[in-house]
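Notes to accompany the following structure.
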Amino acid sequence: MEKQFKSRLITEQPAIAARFSAAYRNHRIGHAYLFDGEIGIGKHDAALYFAQLVLCENAVENVPCGTCSACKRVASQNHPNILTIEPDGQDIKKDQMSALLSVMTKKGYESGRRIYIIERAHRMNTAAANALLKFLEEPEGAVTAILLTDAYHMVLPTIQSRCQRISFLPPKREQMIETLKSQGISPSIAATVTSLTADANRATELSADEQFLQLRKTVVKLVQAVDHHVTDALLLIQSEWGPFLKEKEDTEMGLDLLMYIYRDIVAKKAGLSAIPAYPDLDEFITSLAMKMTYDQLSAVLEVILQAKKQLHRNMHRTLLMEQLVLSMQEGLFVV
């Protein structure tokens with residue numbers, strides 16, 4: 001496992017690997033980092049690699065040895081100096097954060113730096129984020145926080161400002177798409193799933209998931225309905241979105257799919273050569289690119305991002321989608 005941490009990071013994110021080595025060599029390990037990158041890009045593995053480097057008993061040329069007791073326990077996620085938390089249900093709650101910070105500040109650990117990893121840090125509710133913020137403002141001892149997120153814009157600016165941001169390069173979508181196509185997956189679906197995840201296995205799973213494929217169709221229908229008339233769009237929410245509103249993750253994926261259509265429209269309008277998420281909708285996307293202004297597109301993208309934020313504040317999901325449709329329609333009237 002430790003070799004996988006090292007090889008993937010060095011191969012796919014060499015600049016980040018070099019940054020870790022430089023921090024270790026110069027004895028400048030920070031107290032808080034924010035790893036920002038797409039789902040499946042390897043942020044968690046990178047966090048464990050960094051932890052190995054910091055705790056390694058025999059680092060060679062600023063790289064963890066991978067064979068000492070500390071490296072092996074980090075790889076097996078069994079090192080007492082490392083704790084990880086992730087959303088409990090939909091959110092990271094205050095009691096989770098308080099318990100984590102309480103444990104990390106107690107004595108009795110092995111020597112060396114203590115590291116806590118916060119998965120999907122943008123899912124912290126307000127109380128949890130404030131509890132973490134207080135700790136980041138007054139760090140105690142040799143403790144490092146590593147926050148992982150695929151939605152940097154949803155992390156509180158006050159937390160962003162207290163962390164060193166490390167942005168992960170997106171994967172080479174062309175290669176992923178070709179791999180999926182070789183498995184018999186259509187080019188259009190391959191393009192869509194590789195917009196959603198950088199994890200090849202997850203992309204394959206989504207491509208074969210009937211509910212996901214139906215969600216994609218429903219999202220396309222919604223964009224077509226919004227373009228036609230707001231009433232059509234509202235009726236569609238009532239008639240076809242029900243199955244995708246039961247779980248927050250499904251609703252969020254629907255919002256992501258919606259956002260990628262409008263990003264395709266922006267790219268088409270600007271004449272960019274980026275790989276579209278919906279290559280099969282080229283004619284429709286071209287027509288909207290000709291019809292919509294940049295201000296209108298910006299307004300629509302902004303209300304989708306706001307809907308994602310409201311989703312994680314536990315707003316009623318049907319109401320959320322209805323309000324989104326109305327806001328999108330308002331955005332179309334921006335001059």
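Naming works like this for the structure tokens: A, B, ... for the chains as they're shown, residue 1 at the start of each chain, ligands 1 onward in shown order.
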Residues of stretch 77-160 of chain A within 10 Å of stretch 167-189 of chain A: nearest atom pair and distance (Å, one decimal) for each, counting only C-alpha atoms, sorted by chain and number, as CSV?
residue,atom,partner,partner_atom,distance
A:Thr149,CA,A:Ser167,CA,9.9
A:Asp150,CA,A:Phe168,CA,9.9
A:Tyr152,CA,A:Ser167,CA,9.6
What does the file look like for those residues with N, CA, C and O atoms, as a JSON list (two decimals), in the first residue's frame?
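Output file out.json follows:
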[["chain", "number", "residue", "atom", "x", "y", "z"],
["A", 149, "THR", "N", -11.12, 18.22, 0.06],
["A", 149, "THR", "CA", -12.38, 18.69, -0.53],
["A", 149, "THR", "C", -12.36, 18.60, -2.04],
["A", 149, "THR", "O", -11.31, 18.75, -2.67],
["A", 150, "ASP", "N", -13.52, 18.35, -2.61],
["A", 150, "ASP", "CA", -13.69, 18.45, -4.06],
["A", 150, "ASP", "C", -14.61, 19.63, -4.38],
["A", 150, "ASP", "O", -15.09, 19.77, -5.50],
["A", 152, "TYR", "N", -13.99, 23.31, -3.20],
["A", 152, "TYR", "CA", -13.25, 24.34, -2.48],
["A", 152, "TYR", "C", -14.13, 25.56, -2.18],
["A", 152, "TYR", "O", -14.05, 26.14, -1.09]]
Subject >> stretch 71-312 of chain A: residues DSSP assigns to strand (DSSP E), reported as a list in words >> reply: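 Going through stretch 71-312 of chain A, the strand (DSSP E) residues come out as Ile82, Leu83, Thr84, Ile85, Arg114, Ile115, Tyr116, Ile117, Ile118, Val143, Thr144, Ala145, Ile146, Leu147, Leu148, Thr149, Gln164, Arg165, Ile166 and Ser167 of chain A.
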Where does stretch 22-125 of chain A meet stretch 242-253 of chain A within 12 Å, residue by residue, with the nearest atom pair and distance in Å to one decimal for each, counting only C-alpha atoms, listed by chain and rising number, as a tab-separated table?
residue	atom	partner	partner_atom	distance
A:Ile39	CA	A:Met253	CA	12.0
A:Gly89	CA	A:Lys248	CA	9.7
A:Gln90	CA	A:Lys248	CA	7.4
A:Asp91	CA	A:Lys248	CA	10.6
A:Arg123	CA	A:Glu249	CA	11.8
File dump, residues just selected, N, CA and C atoms, as a compact mmCIF listing (two decimals), in the first residue's frame:
# COMPACT_ATOMS: atom_id res chain seq x y z
N ILE A 39 -13.06 14.45 -7.26
CA ILE A 39 -13.32 13.16 -6.62
C ILE A 39 -12.50 12.08 -7.32
N GLY A 89 -23.46 10.64 8.13
CA GLY A 89 -24.66 10.87 7.35
C GLY A 89 -24.32 11.88 6.28
N GLN A 90 -24.98 13.03 6.33
CA GLN A 90 -24.77 14.03 5.29
C GLN A 90 -23.73 15.07 5.66
N ASP A 91 -23.48 15.26 6.94
CA ASP A 91 -22.61 16.35 7.38
C ASP A 91 -21.59 15.89 8.41
N ARG A 123 -18.28 19.52 3.88
CA ARG A 123 -19.52 19.02 4.48
C ARG A 123 -19.63 19.36 5.97
**OP:** Can you work out the spacing between atom CA of A:His27 and atom CA of A:Val155 in Å, to one decimal?
**Re:**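 Result for atom CA of A:His27 versus atom CA of A:Val155: 27.8 Å, one decimal.
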Original post:
Looking at only C-alpha atoms, which of A:Ala15, A:Ala198, A:Leu215, A:Ile146 is the one that sits closest to A:Ile115?
Top reply: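 For A:Ile115, the nearest of the given residues is A:Ile146.
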**OP:** Between A:Gln77, A:Gln13, A:Gln238, A:Gln296, single out the one closest to A:Arg317, counting only C-alpha atoms.
**Re:**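 Smallest distance to A:Arg317 is found for A:Gln238.
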Original post:
Taking into account only C-alpha atoms, which residue in the set A:Gln160, A:Ser98, A:Ser111, A:Thr197 is nearest to A:Ala131?
Top reply: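 Of A:Gln160, A:Ser98, A:Ser111, A:Thr197, the one nearest A:Ala131 is A:Ser98, counting only C-alpha atoms.
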Original post:
Counting only C-alpha atoms, what is within 12 Å of A:Gly141, bar same-chain residues fewer than 2 positions away, as a list in words?
Top reply: Gly30, His31, Met104, Thr105, Lys106, Lys107, Ser111, Gly112, Arg113, Arg114, Ile115, Phe135, Leu136, Glu138, Pro139, Val143, Thr144 and Ala145 of chain A
**OP:** Give me every alpha helix (DSSP H) residue in stretch 81-247 of chain A, going by DSSP on the backbone, as an MDAnalysis selection string.
**Re:** chainID A and resid 94:104 126:137 157:160 173:182 187:196 200:207 210:228 230:240
**OP:** For atom CA of A:Glu330 and atom CA of A:His228, quote the distance in Å rounded to one decimal.
**Re:**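 Taking atom CA of A:Glu330 as the start and atom CA of A:His228 as the end point, the length is 13.5 Å.
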**OP:** Provide the atom CA of A:Ala190 to atom CA of A:Ser273 distance in Å, to one decimal place.
**Re:**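 We find that atom CA of A:Ala190 and atom CA of A:Ser273 lie 17.4 Å from each other.
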**OP:** Excluding stretch 216-223 of chain A and residues on its chain fewer than 2 positions from it, collect all residues at most 7 Å away from it, counting only C-alpha atoms, and give them as a list in words.
**Re:** Phe212, Leu213, Gln214, Ala225, Val226, Asp227, Ala233, Leu236, Gly254, Leu257 and Leu258 of chain A
How about saving the chosen residues, all heavy atoms kept, as a CSV table (one decimal), in the first residue's frame?
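Result saved to selection_5.csv:
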chain,number,residue,atom,x,y,z
A,212,PHE,N,-28.1,6.1,-12.6
A,212,PHE,CA,-27.3,7.3,-13.0
A,212,PHE,C,-27.7,7.6,-14.5
A,212,PHE,O,-27.8,8.8,-14.8
A,212,PHE,CB,-25.8,7.0,-13.0
A,212,PHE,CG,-24.9,8.0,-13.6
A,212,PHE,CD1,-24.7,9.2,-13.1
A,212,PHE,CD2,-24.4,7.7,-14.9
A,212,PHE,CE1,-24.0,10.2,-13.7
A,212,PHE,CE2,-23.7,8.7,-15.6
A,212,PHE,CZ,-23.4,9.9,-15.0
A,213,LEU,N,-27.8,6.6,-15.3
A,213,LEU,CA,-28.1,6.9,-16.7
A,213,LEU,C,-29.5,7.6,-16.9
A,213,LEU,O,-29.7,8.5,-17.7
A,213,LEU,CB,-28.1,5.6,-17.5
A,213,LEU,CG,-26.7,4.9,-17.6
A,213,LEU,CD1,-26.8,3.6,-18.3
A,213,LEU,CD2,-25.7,5.8,-18.2
A,214,GLN,N,-30.4,7.2,-16.0
A,214,GLN,CA,-31.7,7.8,-16.0
A,214,GLN,C,-31.6,9.2,-15.5
A,214,GLN,O,-32.3,10.2,-16.0
A,214,GLN,CB,-32.7,7.0,-15.2
A,214,GLN,CG,-34.2,7.5,-15.2
A,214,GLN,CD,-34.7,7.5,-16.7
A,214,GLN,OE1,-34.5,6.5,-17.4
A,214,GLN,NE2,-35.3,8.6,-17.1
A,225,ALA,N,-36.5,21.8,-20.7
A,225,ALA,CA,-37.8,22.4,-20.2
A,225,ALA,C,-37.6,23.9,-19.8
A,225,ALA,O,-38.4,24.7,-20.1
A,225,ALA,CB,-38.3,21.6,-19.1
A,226,VAL,N,-36.5,24.1,-19.1
A,226,VAL,CA,-36.2,25.5,-18.7
A,226,VAL,C,-36.1,26.4,-19.9
A,226,VAL,O,-36.5,27.6,-19.9
A,226,VAL,CB,-34.9,25.6,-17.8
A,226,VAL,CG1,-34.4,27.0,-17.6
A,226,VAL,CG2,-35.1,24.9,-16.5
A,227,ASP,N,-35.5,25.9,-20.9
A,227,ASP,CA,-35.3,26.7,-22.2
A,227,ASP,C,-36.7,27.0,-22.8
A,227,ASP,O,-36.9,28.0,-23.5
A,227,ASP,CB,-34.4,26.0,-23.2
A,227,ASP,CG,-34.2,26.7,-24.5
A,227,ASP,OD1,-33.9,27.9,-24.4
A,227,ASP,OD2,-34.5,26.1,-25.5
A,233,ALA,N,-40.7,23.0,-16.7
A,233,ALA,CA,-39.6,22.6,-15.8
A,233,ALA,C,-40.2,22.3,-14.4
A,233,ALA,O,-39.7,21.3,-13.8
A,233,ALA,CB,-38.6,23.7,-15.7
A,236,LEU,N,-41.8,19.0,-14.5
A,236,LEU,CA,-40.8,17.9,-14.6
A,236,LEU,C,-40.3,17.5,-13.3
A,236,LEU,O,-40.0,16.4,-12.9
A,236,LEU,CB,-39.7,18.3,-15.6
A,236,LEU,CG,-38.6,17.2,-15.9
A,236,LEU,CD1,-39.3,16.2,-16.8
A,236,LEU,CD2,-37.4,17.8,-16.6
A,254,GLY,N,-27.2,15.2,-9.5
A,254,GLY,CA,-28.0,15.9,-10.5
A,254,GLY,C,-27.7,17.3,-10.7
A,254,GLY,O,-27.6,17.8,-11.8
A,257,LEU,N,-24.4,17.4,-12.7
A,257,LEU,CA,-24.7,17.1,-14.1
A,257,LEU,C,-25.3,18.4,-14.8
A,257,LEU,O,-25.0,18.7,-15.9
A,257,LEU,CB,-25.7,15.9,-14.2
A,257,LEU,CG,-25.1,14.6,-13.9
A,257,LEU,CD1,-26.2,13.5,-13.8
A,257,LEU,CD2,-24.0,14.2,-15.0
A,258,LEU,N,-26.2,19.0,-14.0
A,258,LEU,CA,-26.8,20.3,-14.5
A,258,LEU,C,-25.8,21.3,-14.8
A,258,LEU,O,-25.7,22.0,-15.8
A,258,LEU,CB,-27.9,20.7,-13.5
A,258,LEU,CG,-28.7,21.9,-13.9
A,258,LEU,CD1,-29.6,21.6,-15.2
A,258,LEU,CD2,-29.6,22.3,-12.8
**OP:** Choose the residue, out of A:Leu156, A:Glu119, A:Glu61, A:Cys56, that has the smallest atom-to-atom separation from A:Ala18; count only C-alpha atoms.
**Re:**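 Comparing A:Leu156, A:Glu119, A:Glu61, A:Cys56 against A:Ala18, the winner is A:Glu61.
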Original post:
Near A:Pro80, counting only C-alpha atoms, which residues have an atom at most 9 Å away, once you skip same-chain residues fewer than 5 positions from it, shown as number ranges by chain?
Top reply: A: 73-74, 109-110, 114
Any chance you could export the current selection's C-alpha atoms as a PDB file, in the first residue's frame?
ATOM      1  CA  ARG A  73       1.143   1.553  10.417  1.00  0.00           C
ATOM      2  CA  VAL A  74       0.260   4.663   8.447  1.00  0.00           C
ATOM      3  CA  TYR A 109       0.569   9.631  21.916  1.00  0.00           C
ATOM      4  CA  GLU A 110       3.754   8.371  20.386  1.00  0.00           C
ATOM      5  CA  ARG A 114      -0.121  14.334  15.278  1.00  0.00           C
TER       6      ARG A 114
END
